[in-house]
$ cat structure-v6.txt   # compact mmCIF, C-alpha atoms (C1' of nucleotides)
# COMPACT_ATOMS: atom_id res chain seq x y z
CA MET A 1 28.26 165.30 211.46
CA ALA A 2 27.81 161.75 212.54
CA LEU A 3 29.60 161.60 215.90
CA ASP A 4 26.60 163.25 217.55
CA HIS A 5 24.31 160.74 215.89
CA ALA A 6 26.55 157.76 216.59
CA ILE A 7 26.47 158.70 220.28
CA LEU A 8 22.69 159.17 220.22
CA VAL A 9 22.20 155.72 218.63
CA SER A 10 24.52 154.13 221.17
CA LEU A 11 22.71 155.82 224.08
CA LEU A 12 19.35 154.70 222.68
CA GLU A 13 20.63 151.14 222.52
CA LYS A 14 21.76 151.54 226.13
CA PRO A 15 22.28 154.62 228.34
CA GLY A 16 25.80 155.01 229.68
CA SER A 17 28.65 157.23 230.79
CA GLY A 18 31.28 158.95 228.67
CA TYR A 19 33.76 156.33 229.76
CA GLU A 20 31.43 153.50 228.73
CA LEU A 21 30.82 155.18 225.37
CA SER A 22 34.55 155.43 224.76
CA ARG A 23 34.77 151.65 225.47
CA ARG A 24 31.98 151.03 222.96
CA PHE A 25 33.82 153.10 220.39
CA GLU A 26 36.74 150.73 220.82
CA ARG A 27 34.46 147.75 220.34
CA SER A 28 31.21 147.45 218.43
CA ILE A 29 30.84 151.04 217.26
CA GLY A 30 34.52 151.08 216.38
CA TYR A 31 34.06 149.30 213.07
CA PHE A 32 32.01 152.16 211.65
CA TRP A 33 33.02 155.19 213.66
CA THR A 34 35.93 156.12 215.90
CA ALA A 35 36.22 158.69 218.66
CA THR A 36 38.51 159.38 221.59
CA HIS A 37 37.26 160.06 225.08
CA GLN A 38 38.19 163.73 224.70
CA GLN A 39 35.87 164.09 221.74
CA ILE A 40 33.11 162.14 223.45
CA TYR A 41 33.14 164.21 226.64
CA ARG A 42 33.09 167.40 224.59
CA VAL A 43 30.11 166.28 222.49
CA LEU A 44 28.24 164.97 225.55
CA LYS A 45 28.65 168.36 227.21
CA ARG A 46 27.31 170.14 224.14
CA MET A 47 24.38 167.79 223.67
CA GLU A 48 23.48 168.08 227.35
CA HIS A 49 23.62 171.87 227.08
CA ASP A 50 21.33 171.72 224.04
CA GLY A 51 18.88 169.47 225.87
CA TRP A 52 19.41 166.50 223.55
CA ILE A 53 20.41 164.20 226.39
CA ASP A 54 19.72 163.92 230.12
CA VAL A 55 22.28 163.28 232.83
CA ARG A 56 21.95 161.35 236.05
CA ASP A 57 24.64 160.96 238.73
CA VAL A 58 25.12 157.31 239.52
CA PRO A 59 26.97 156.43 242.73
CA GLN A 60 28.81 153.15 242.44
CA GLN A 61 30.43 150.78 244.86
CA GLY A 62 33.84 149.42 244.09
CA ARG A 63 34.52 152.06 241.43
CA PRO A 64 34.30 155.82 241.00
CA ASP A 65 30.87 157.39 240.56
CA LYS A 66 29.75 158.14 237.02
CA LYS A 67 27.34 160.26 235.04
CA GLU A 68 24.83 158.27 233.07
CA TYR A 69 23.53 159.88 229.91
CA SER A 70 20.27 159.02 228.16
CA VAL A 71 18.55 160.46 225.10
CA ALA A 72 15.89 163.12 225.63
CA ALA A 73 13.02 163.87 223.24
CA PRO A 74 14.83 166.69 221.36
CA GLY A 75 17.83 164.40 220.81
CA ARG A 76 15.62 161.70 219.46
CA ALA A 77 13.96 164.22 217.13
CA ALA A 78 17.36 165.45 215.92
CA LEU A 79 18.42 161.86 215.22
CA SER A 80 15.20 161.14 213.36
CA GLU A 81 15.69 164.26 211.22
CA TRP A 82 19.22 163.19 210.34
CA LEU A 83 18.08 159.65 209.53
CA HIS A 84 15.71 161.10 206.92
CA GLU A 85 18.38 163.26 205.27
CA PRO A 86 20.59 161.77 202.57
CA VAL A 87 24.29 161.49 203.40
CA GLU A 88 27.05 161.28 200.84
CA PRO A 89 28.76 157.93 200.32
CA GLU A 90 31.75 158.14 202.63
CA SER A 91 35.19 159.08 201.45
CA VAL A 92 37.94 156.54 202.02
CA ARG A 93 41.19 157.48 203.75
CA HIS A 94 43.87 154.89 203.39
CA ASP A 95 47.43 155.86 204.39
CA LEU A 96 48.73 152.50 203.31
CA ALA A 97 47.65 153.05 199.70
CA VAL A 98 49.58 156.34 199.66
CA LYS A 99 52.61 154.43 200.89
CA ILE A 100 52.20 151.72 198.27
CA ARG A 101 52.18 154.23 195.44
CA GLY A 102 55.04 156.04 197.17
CA ALA A 103 57.08 152.83 197.16
CA ALA A 104 57.74 153.41 193.46
CA PHE A 105 60.07 156.22 194.60
CA ASP A 106 61.74 154.42 197.48
CA ASP A 107 63.08 151.08 198.60
CA PRO A 108 60.05 148.79 198.97
CA THR A 109 61.66 146.48 201.55
CA ALA A 110 60.44 148.47 204.56
CA LEU A 111 56.98 148.56 203.02
CA ILE A 112 56.73 144.77 203.00
CA ARG A 113 57.11 144.67 206.78
CA GLU A 114 54.56 147.46 207.13
CA VAL A 115 52.02 145.63 204.96
CA GLU A 116 52.56 142.43 206.96
CA ARG A 117 51.96 144.40 210.17
CA HIS A 118 48.68 145.74 208.78
CA ARG A 119 47.66 142.30 207.60
CA GLN A 120 48.13 140.99 211.13
CA ALA A 121 46.12 143.86 212.62
CA HIS A 122 43.24 143.17 210.24
CA ALA A 123 43.38 139.43 210.93
CA ASP A 124 43.16 140.20 214.66
CA ARG A 125 40.19 142.46 214.12
CA LEU A 126 38.47 139.82 212.00
CA ALA A 127 38.95 137.22 214.74
CA HIS A 128 37.55 139.70 217.26
CA TYR A 129 34.47 140.38 215.11
CA LEU A 130 33.86 136.69 214.48
CA ALA A 131 34.03 135.98 218.21
CA GLY A 132 31.53 138.79 218.80
CA GLU A 133 29.22 137.41 216.14
CA GLN A 134 29.38 133.96 217.71
CA ARG A 135 28.68 135.43 221.15
CA ASP A 136 25.90 137.89 220.32
CA PHE A 137 24.15 136.68 217.18
CA THR A 138 23.93 132.93 217.33
CA ASP A 139 20.27 132.15 216.70
CA PRO A 140 18.88 130.86 220.01
CA GLY A 141 16.04 129.09 218.20
CA ALA A 142 12.37 129.89 217.73
CA ASP A 143 11.87 130.53 221.45
CA ALA A 144 13.83 133.78 221.45
CA PRO A 145 14.35 135.02 217.90
CA LEU A 146 16.59 138.04 217.41
CA ASP A 147 14.69 141.31 217.47
CA ALA A 148 14.92 144.05 214.81
CA GLY A 149 17.60 146.00 216.68
CA GLN A 150 19.77 142.89 216.95
CA GLU A 151 19.25 142.03 213.28
CA LEU A 152 20.40 145.53 212.34
CA GLN A 153 23.43 145.32 214.64
CA HIS A 154 24.22 141.98 213.08
CA VAL A 155 24.08 143.22 209.49
CA VAL A 156 26.42 146.08 210.40
CA LEU A 157 28.79 143.58 212.00
CA ARG A 158 28.64 141.46 208.85
CA GLY A 159 29.79 144.60 207.02
CA GLY A 160 32.78 144.86 209.32
CA ILE A 161 33.59 141.19 208.79
CA ALA A 162 33.30 141.54 205.01
CA TYR A 163 35.55 144.60 205.13
CA GLU A 164 38.27 142.82 207.09
CA ARG A 165 38.16 139.74 204.85
CA MET A 166 38.37 141.90 201.72
CA THR A 167 41.24 143.90 203.19
CA ILE A 168 43.23 140.79 204.17
CA ALA A 169 42.81 139.34 200.67
CA TRP A 170 43.90 142.66 199.16
CA LEU A 171 46.96 142.89 201.42
CA ASP A 172 47.94 139.40 200.25
CA ASP A 173 47.66 140.71 196.70
CA VAL A 174 49.84 143.69 197.67
CA LEU A 175 52.47 141.42 199.23
CA ALA A 176 52.53 139.17 196.17
CA THR A 177 52.96 142.23 193.95
CA LEU A 178 55.75 143.67 196.09
CA ASN A 179 57.57 140.33 196.18
CA ARG A 180 57.25 140.02 192.42
CA LEU A 181 58.79 143.48 191.99
CA HIS A 182 61.47 142.92 194.58
CA PRO A 183 62.26 139.20 194.86
CA ALA A 184 63.84 138.18 198.13
CA PRO A 185 67.43 136.86 197.77
CA MET B 1 49.37 163.56 208.07
CA ALA B 2 48.99 161.93 204.74
CA LEU B 3 47.62 164.73 202.56
CA ASP B 4 51.12 166.20 202.31
CA HIS B 5 52.46 162.81 201.35
CA ALA B 6 49.64 161.99 198.95
CA ILE B 7 50.38 165.25 197.12
CA LEU B 8 54.11 164.51 197.08
CA VAL B 9 53.52 161.06 195.60
CA SER B 10 51.19 162.48 192.98
CA LEU B 11 53.68 165.21 192.04
CA LEU B 12 56.46 162.61 191.80
CA GLU B 13 54.29 160.56 189.47
CA LYS B 14 53.75 163.72 187.42
CA PRO B 15 54.29 167.42 188.22
CA GLY B 16 51.17 169.56 187.98
CA SER B 17 49.13 172.52 189.20
CA GLY B 18 46.79 172.77 192.16
CA TYR B 19 43.87 172.51 189.81
CA GLU B 20 45.26 169.37 188.19
CA LEU B 21 45.88 167.85 191.61
CA SER B 22 42.30 168.52 192.62
CA ARG B 23 41.21 166.67 189.43
CA ARG B 24 43.44 163.75 190.35
CA PHE B 25 41.90 163.66 193.82
CA GLU B 26 38.52 163.21 192.11
CA ARG B 27 39.91 160.36 190.02
CA SER B 28 42.73 157.98 190.72
CA ILE B 29 43.86 159.31 194.09
CA GLY B 30 40.22 159.66 195.14
CA TYR B 31 39.86 155.99 196.05
CA PHE B 32 42.39 156.25 198.83
CA TRP B 33 42.43 159.91 199.79
CA THR B 34 40.14 162.88 199.28
CA ALA B 35 40.86 166.59 199.33
CA THR B 36 39.17 169.75 198.11
CA HIS B 37 40.96 172.40 196.09
CA GLN B 38 40.98 174.72 199.12
CA GLN B 39 42.91 172.17 201.12
CA ILE B 40 45.27 171.46 198.24
CA TYR B 41 46.15 175.11 197.58
CA ARG B 42 46.78 175.63 201.29
CA VAL B 43 49.10 172.63 201.55
CA LEU B 44 50.91 173.53 198.32
CA LYS B 45 51.57 177.00 199.72
CA ARG B 46 52.95 175.57 202.93
CA MET B 47 55.12 172.96 201.22
CA GLU B 48 56.48 175.59 198.82
CA HIS B 49 57.29 177.85 201.78
CA ASP B 50 59.08 174.95 203.46
CA GLY B 51 61.08 174.22 200.31
CA TRP B 52 59.53 170.78 199.79
CA ILE B 53 58.31 171.63 196.30
CA ASP B 54 59.34 173.98 193.49
CA VAL B 55 57.03 176.20 191.47
CA ARG B 56 57.22 177.22 187.84
CA ASP B 57 54.84 179.61 186.05
CA VAL B 58 53.54 177.96 182.91
CA PRO B 59 51.91 180.21 180.29
CA GLN B 60 49.25 178.38 178.32
CA GLN B 61 47.36 179.06 175.13
CA GLY B 62 43.63 178.53 175.08
CA ARG B 63 43.37 178.49 178.85
CA PRO B 64 44.51 180.51 181.88
CA ASP B 65 48.16 180.28 182.91
CA LYS B 66 49.02 177.91 185.71
CA LYS B 67 51.65 177.20 188.34
CA GLU B 68 53.33 173.84 187.95
CA TYR B 69 54.63 172.24 191.12
CA SER B 70 57.32 169.59 191.32
CA VAL B 71 58.98 167.84 194.24
CA ALA B 72 62.29 169.25 195.53
CA ALA B 73 64.95 167.25 197.36
CA PRO B 74 63.73 168.14 200.90
CA GLY B 75 60.20 167.06 199.93
CA ARG B 76 61.47 163.77 198.65
CA ALA B 77 63.45 163.28 201.85
CA ALA B 78 60.36 164.04 203.95
CA LEU B 79 58.33 161.52 201.95
CA SER B 80 61.03 158.89 202.32
CA GLU B 81 61.12 159.44 206.08
CA TRP B 82 57.35 159.03 206.31
CA LEU B 83 57.45 155.88 204.17
CA HIS B 84 59.80 154.30 206.71
CA GLU B 85 57.60 155.16 209.70
CA PRO B 86 54.80 152.80 210.68
CA VAL B 87 51.26 154.17 210.34
CA GLU B 88 48.26 152.90 212.26
CA PRO B 89 45.69 150.83 210.34
CA GLU B 90 43.14 153.40 209.27
CA SER B 91 39.94 154.07 211.13
CA VAL B 92 36.72 153.52 209.23
CA ARG B 93 34.03 156.20 209.10
CA HIS B 94 30.74 154.98 207.79
CA ASP B 95 27.70 157.24 208.21
CA LEU B 96 25.46 154.64 206.65
CA ALA B 97 26.25 152.09 209.37
CA VAL B 98 25.23 154.64 212.01
CA LYS B 99 21.96 155.11 210.13
CA ILE B 100 21.36 151.37 209.90
CA ARG B 101 21.71 150.90 213.63
CA GLY B 102 19.63 154.05 214.11
CA ALA B 103 16.85 152.51 212.00
CA ALA B 104 15.94 150.37 215.01
CA PHE B 105 14.56 153.57 216.56
CA ASP B 106 12.82 154.96 213.50
CA ASP B 107 10.79 154.00 210.46
CA PRO B 108 13.17 152.03 208.19
CA THR B 109 11.32 152.86 204.94
CA ALA B 110 13.35 156.00 204.20
CA LEU B 111 16.51 154.05 204.92
CA ILE B 112 15.77 151.56 202.14
CA ARG B 113 15.82 154.34 199.55
CA GLU B 114 19.03 155.71 201.06
CA VAL B 115 20.73 152.32 200.91
CA GLU B 116 19.64 151.88 197.29
CA ARG B 117 21.09 155.30 196.47
CA HIS B 118 24.42 154.32 198.03
CA ARG B 119 24.39 151.01 196.20
CA GLN B 120 23.98 152.88 192.92
CA ALA B 121 26.82 155.28 193.78
CA HIS B 122 29.15 152.37 194.56
CA ALA B 123 28.13 150.54 191.38
CA ASP B 124 28.96 153.69 189.39
CA ARG B 125 32.34 153.96 191.07
CA LEU B 126 33.06 150.30 190.39
CA ALA B 127 32.25 150.77 186.70
CA HIS B 128 34.52 153.82 186.64
CA TYR B 129 37.40 151.91 188.24
CA LEU B 130 36.97 148.94 185.91
CA ALA B 131 37.04 151.26 182.90
CA GLY B 132 40.23 152.84 184.24
CA GLU B 133 41.78 149.42 184.78
CA GLN B 134 40.93 148.40 181.23
CA ARG B 135 42.38 151.66 179.88
CA ASP B 136 45.57 151.92 181.92
CA PHE B 137 46.59 148.43 182.97
CA THR B 138 45.87 146.08 180.10
CA ASP B 139 49.12 144.23 179.53
CA PRO B 140 50.49 145.52 176.21
CA GLY B 141 52.59 142.37 175.78
CA ALA B 142 56.24 141.56 176.28
CA ASP B 143 57.34 144.55 174.17
CA ALA B 144 56.25 147.12 176.76
CA PRO B 145 55.67 145.43 180.11
CA LEU B 146 54.22 147.53 182.91
CA ASP B 147 56.90 149.17 185.06
CA ALA B 148 57.06 149.00 188.87
CA GLY B 149 55.22 152.28 189.32
CA GLN B 150 52.36 151.07 187.15
CA GLU B 151 52.23 147.73 188.93
CA LEU B 152 51.91 149.55 192.23
CA GLN B 153 49.21 151.87 190.89
CA HIS B 154 47.41 148.80 189.60
CA VAL B 155 47.45 146.94 192.91
CA VAL B 156 46.05 150.02 194.65
CA LEU B 157 43.31 150.22 192.01
CA ARG B 158 42.55 146.54 192.58
CA GLY B 159 42.05 147.47 196.23
CA GLY B 160 39.51 150.11 195.21
CA ILE B 161 37.73 147.58 192.99
CA ALA B 162 37.66 144.96 195.77
CA TYR B 163 36.30 147.58 198.19
CA GLU B 164 33.46 148.57 195.85
CA ARG B 165 32.54 144.95 195.13
CA MET B 166 32.52 144.09 198.82
CA THR B 167 30.44 147.17 199.63
CA ILE B 168 27.85 146.43 196.92
CA ALA B 169 27.48 142.85 198.18
CA TRP B 170 27.10 144.13 201.74
CA LEU B 171 24.48 146.71 200.75
CA ASP B 172 22.51 143.89 199.10
CA ASP B 173 22.71 142.05 202.42
CA VAL B 174 21.49 145.21 204.18
CA LEU B 175 18.57 145.59 201.76
CA ALA B 176 17.60 141.94 202.20
CA THR B 177 17.72 142.37 205.97
CA LEU B 178 15.64 145.56 205.90
CA ASN B 179 13.05 143.97 203.61
CA ARG B 180 12.85 140.96 205.89
CA LEU B 181 12.20 143.22 208.88
CA HIS B 182 9.78 145.46 207.01
CA PRO B 183 8.13 143.50 204.20
CA ALA B 184 6.72 145.66 201.40
CA PRO B 185 2.89 145.43 201.09
C1' DG C 1 26.44 187.88 176.38
C1' DA C 2 25.84 183.49 178.79
C1' DT C 3 27.61 179.15 180.14
C1' DG C 4 31.13 176.12 181.37
C1' DA C 5 35.74 174.41 182.04
C1' DC C 6 40.07 176.08 183.75
C1' DA C 7 42.60 178.34 187.42
C1' DT C 8 43.67 180.30 192.14
C1' DG C 9 42.73 181.90 196.21
C1' DT C 10 40.72 183.91 201.45
C1' DA C 11 37.92 183.54 205.70
C1' DA C 12 35.33 181.42 209.07
C1' DC C 13 33.98 177.52 211.09
C1' DT C 14 33.78 172.55 212.67
C1' DA C 15 35.85 168.29 213.73
C1' DG C 16 39.63 165.51 215.21
C1' DT C 17 44.25 164.76 217.49
C1' DT C 18 47.77 165.17 220.98
C1' DA C 19 49.36 166.47 225.30
C1' DC C 20 48.45 167.32 229.84
C1' DA C 21 45.94 166.74 234.28
C1' DT C 22 43.39 164.80 238.20
C1' DG C 23 41.31 161.62 241.16
C1' DA C 24 38.79 156.96 243.00
C1' DT C 25 39.24 152.31 243.91
C1' DT C 26 40.91 147.47 243.64
C1' DG C 27 44.22 143.87 243.81
C1' DG C 28 48.78 142.27 244.12
C1' DC D 1 52.97 151.40 247.69
C1' DC D 2 52.41 150.35 242.85
C1' DA D 3 50.04 149.24 238.73
C1' DA D 4 45.72 148.81 236.45
C1' DT D 5 41.14 150.05 235.53
C1' DC D 6 37.54 153.25 236.01
C1' DA D 7 36.20 157.97 235.50
C1' DT D 8 36.25 162.92 233.86
C1' DG D 9 38.06 166.63 232.12
C1' DT D 10 41.10 171.20 229.84
C1' DA D 11 44.18 173.33 226.36
C1' DA D 12 46.52 173.76 222.24
C1' DC D 13 47.01 172.40 217.86
C1' DT D 14 46.04 170.35 213.19
C1' DA D 15 43.07 168.96 209.60
C1' DG D 16 38.91 169.28 207.03
C1' DT D 17 34.56 171.68 205.47
C1' DT D 18 31.72 175.42 203.80
C1' DA D 19 31.04 179.80 202.05
C1' DC D 20 32.68 183.41 199.47
C1' DA D 21 35.52 185.65 195.78
C1' DT D 22 37.94 186.59 191.44
C1' DG D 23 39.51 186.09 186.90
C1' DT D 24 40.81 183.68 181.95
C1' DC D 25 39.44 181.76 177.84
C1' DA D 26 36.47 179.05 174.40
C1' DT D 27 32.17 177.90 172.55
C1' DC D 28 27.40 178.57 171.59
$ encode --input "structure-v6.txt" --output "structure tokens"
Amino acid sequence: MALDHAILVSLLEKPGSGYELSRRFERSIGYFWTATHQQIYRVLKRMEHDGWIDVRDVPQQGRPDKKEYSVAAPGRAALSEWLHEPVEPESVRHDLAVKIRGAAFDDPTALIREVERHRQAHADRLAHYLAGEQRDFTDPGADAPLDAGQELQHVVLRGGIAYERMTIAWLDDVLATLNRLHPAP
Amino acid sequence: MALDHAILVSLLEKPGSGYELSRRFERSIGYFWTATHQQIYRVLKRMEHDGWIDVRDVPQQGRPDKKEYSVAAPGRAALSEWLHEPVEPESVRHDLAVKIRGAAFDDPTALIREVERHRQAHADRLAHYLAGEQRDFTDPGADAPLDAGQELQHVVLRGGIAYERMTIAWLDDVLATLNRLHPAP
DNA sequence: GATGACATGTAACTAGTTACATGATTGG
DNA sequence: CCAATCATGTAACTAGTTACATGTCATC
């Protein structure tokens, strides 16, 4: 189970509340793991109960108070143990590919619009990632070189960028194939 | 829910048993959806109960008898309905990326071996896909051009190939980054 | 008679999704 | 006062995983 570990890594990078974690899962963590706030609050409660993380009430001005979570020693040990275990190469789940093969048994016109919609969504994500890369990982020069944690975050982001570029190119291939099979009038 | 629909598409391509479906999910369907035999038998039972698929007992020589499933009209209608609904661009789940960011808080040496293991697994999958492409989608000439269904299967396979190539290149980037951060003695 | 591929299932558990619910605080 | 963002949760359901279980048939 990697949601526990994804949360532990995120809290090690920076302690935060359940709400803040759910924001991060929409942003930087989102390109390698997803989770809703319901899942996050449930896991935080369990990890707190198990002593993996500590909680601190943080009063705030201008916004509701929050609970700030940070990783405790047992949580760090659990993460370290998991990091040393092998995990299986992840299984892909791709609804769109099911639809593409299903199009052989249906009118493919609706599928073209769907593929175009997905292409747009991936192009948007790519632009978002590239903006983040520009913002967070532009080398500031020899005075303040990126540290190891930043280098690792950057290489993961490069994976997200490569994934989006590959996907966009593939969706173009899909569109060309669909148009070849079903030429527009 | 796409497992139902993935099974329907596969049964439309060719009727078969639960066992055969679980083989297909290890092969061609495996690069866009995964399922274990337990899941498959459960879903087949439900779809049969709902009248989406028909069953036929097939006695065999040389091996145990089997149940052959094929898609019934209501199943085809349900698939068609789903094909016309938009689906959200899929969420990525990538344990390895969690581990890479986690490596900032742990010794990265073990991670290098893990990344190399994943690289090998993806290289094996790529070789497997390329062999399948060679076998199934080599243009036999104008006498027997590929039909629409085959073209669609091929473009999905090209997606799997592009994914594996992209992943291998990214894992090389990851290894280079890890070695830069932690030079071997 | 053992192993391995073929074939089909049940039970219990874990993870993920969807729907519902509440309340603070700011800015228009 | 209304909408938006921040903030935290519960309940019910659906999907996916892991462990267990049984039996056929061919080959060595």
$ interface_residues --input "structure-v6.txt" --of "chain D" --to "chain B" --cutoff "8 Å" --atoms "all atoms listed in the file" --output "ChimeraX atom specification"
/D:16,24-26
$ interface_residues --input "structure-v6.txt" --of "chain B" --to "chain C" --cutoff "12 Å" --atoms "all atoms listed in the file" --output "number ranges by chain"
B: 1, 17-23, 37-42, 44-45, 58-68
$ closest_residue --input "structure-v6.txt" --among "B:Trp170, B:Tyr69, B:Phe137, B:Trp52" --to "Arg119 (chain B)" --atoms "all atoms listed in the file"
B:Trp170
$ closest_residue --input "structure-v6.txt" --among "A:Thr34, A:Ser70, A:Asn179, A:Gln134" --to "chain B" --atoms "all atoms listed in the file"
A:Thr34
$ atom_distance --input "structure-v6.txt" --atom1 "CA of Pro145 (chain A)" --atom2 "CA of Leu126 (chain A)"
25.3 Å
$ residues_near_point --input "structure-v6.txt" --point "(24.5, 147.1, 210.6)" --cutoff "9 Å" --atoms "all atoms listed in the file" --output "MDAnalysis selection string"
(chainID A and resid 150:160) or (chainID B and resid 96:101 174)
$ atom_distance --input "structure-v6.txt" --atom1 "CA of Ala131 (chain A)" --atom2 "CA of Ala104 (chain B)"
23.3 Å
$ closest_residue --input "structure-v6.txt" --among "B:Ala162, B:Ala123, B:Ala78, B:Ala144" --to "chain A" --atoms "all atoms listed in the file"
B:Ala162
$ atom_distance --input "structure-v6.txt" --atom1 "CA of Arg93 (chain A)" --atom2 "CA of Val43 (chain B)"
17.2 Å
$ closest_residue --input "structure-v6.txt" --among "A:Met166, A:Met47, A:Leu146, A:Ile161" --to "chain B" --atoms "only C-alpha atoms"
A:Met166
$ closest_residue --input "structure-v6.txt" --among "A:Asp50, A:Glu81, A:Glu90, A:Glu164" --to "His122 (chain A)" --atoms "all atoms listed in the file"
A:Glu164
$ axis_aligned_box --input "structure-v6.txt" --around "region 5-9 of chain C" --padding-each-side "8 Å" --output "JSON"
{"center_x": 39.7, "center_y": 178.2, "center_z": 189.1, "size_x": 23.9, "size_y": 23.5, "size_z": 30.2}
$ closest_residue --input "structure-v6.txt" --among "A:Pro140, A:Gly51, A:Pro89, A:Pro108" --to "chain B" --atoms "all atoms listed in the file"
A:Pro89
$ decode --input "structure-v6.txt" --residues "region 18-43 of chain B" --atoms "C-alpha atoms" --output "PDB file, in the first residue's frame"
ATOM      1  CA  GLY B  18     -13.019 -17.169 -17.537  1.00  0.00           C
ATOM      2  CA  TYR B  19      -9.689 -18.913 -17.694  1.00  0.00           C
ATOM      3  CA  GLU B  20      -9.055 -17.722 -21.241  1.00  0.00           C
ATOM      4  CA  LEU B  21     -10.004 -14.183 -20.247  1.00  0.00           C
ATOM      5  CA  SER B  22      -7.532 -14.268 -17.378  1.00  0.00           C
ATOM      6  CA  ARG B  23      -4.846 -15.324 -19.922  1.00  0.00           C
ATOM      7  CA  ARG B  24      -5.810 -12.418 -22.146  1.00  0.00           C
ATOM      8  CA  PHE B  25      -5.523 -10.050 -19.197  1.00  0.00           C
ATOM      9  CA  GLU B  26      -1.920 -11.243 -18.813  1.00  0.00           C
ATOM     10  CA  ARG B  27      -1.265 -10.597 -22.494  1.00  0.00           C
ATOM     11  CA  SER B  28      -2.884  -8.172 -24.863  1.00  0.00           C
ATOM     12  CA  ILE B  29      -5.446  -6.624 -22.529  1.00  0.00           C
ATOM     13  CA  GLY B  30      -2.808  -6.458 -19.792  1.00  0.00           C
ATOM     14  CA  TYR B  31      -1.237  -3.277 -21.129  1.00  0.00           C
ATOM     15  CA  PHE B  32      -4.359  -1.257 -20.506  1.00  0.00           C
ATOM     16  CA  TRP B  33      -6.228  -3.145 -17.810  1.00  0.00           C
ATOM     17  CA  THR B  34      -5.368  -5.806 -15.258  1.00  0.00           C
ATOM     18  CA  ALA B  35      -7.557  -8.314 -13.469  1.00  0.00           C
ATOM     19  CA  THR B  36      -7.072 -11.543 -11.562  1.00  0.00           C
ATOM     20  CA  HIS B  37      -9.094 -14.671 -12.242  1.00  0.00           C
ATOM     21  CA  GLN B  38     -11.019 -14.156  -8.997  1.00  0.00           C
ATOM     22  CA  GLN B  39     -12.211 -10.781 -10.175  1.00  0.00           C
ATOM     23  CA  ILE B  40     -13.034 -12.093 -13.625  1.00  0.00           C
ATOM     24  CA  TYR B  41     -15.125 -15.040 -12.408  1.00  0.00           C
ATOM     25  CA  ARG B  42     -17.016 -12.735 -10.063  1.00  0.00           C
ATOM     26  CA  VAL B  43     -17.817 -10.233 -12.804  1.00  0.00           C
TER      27      VAL B  43
END
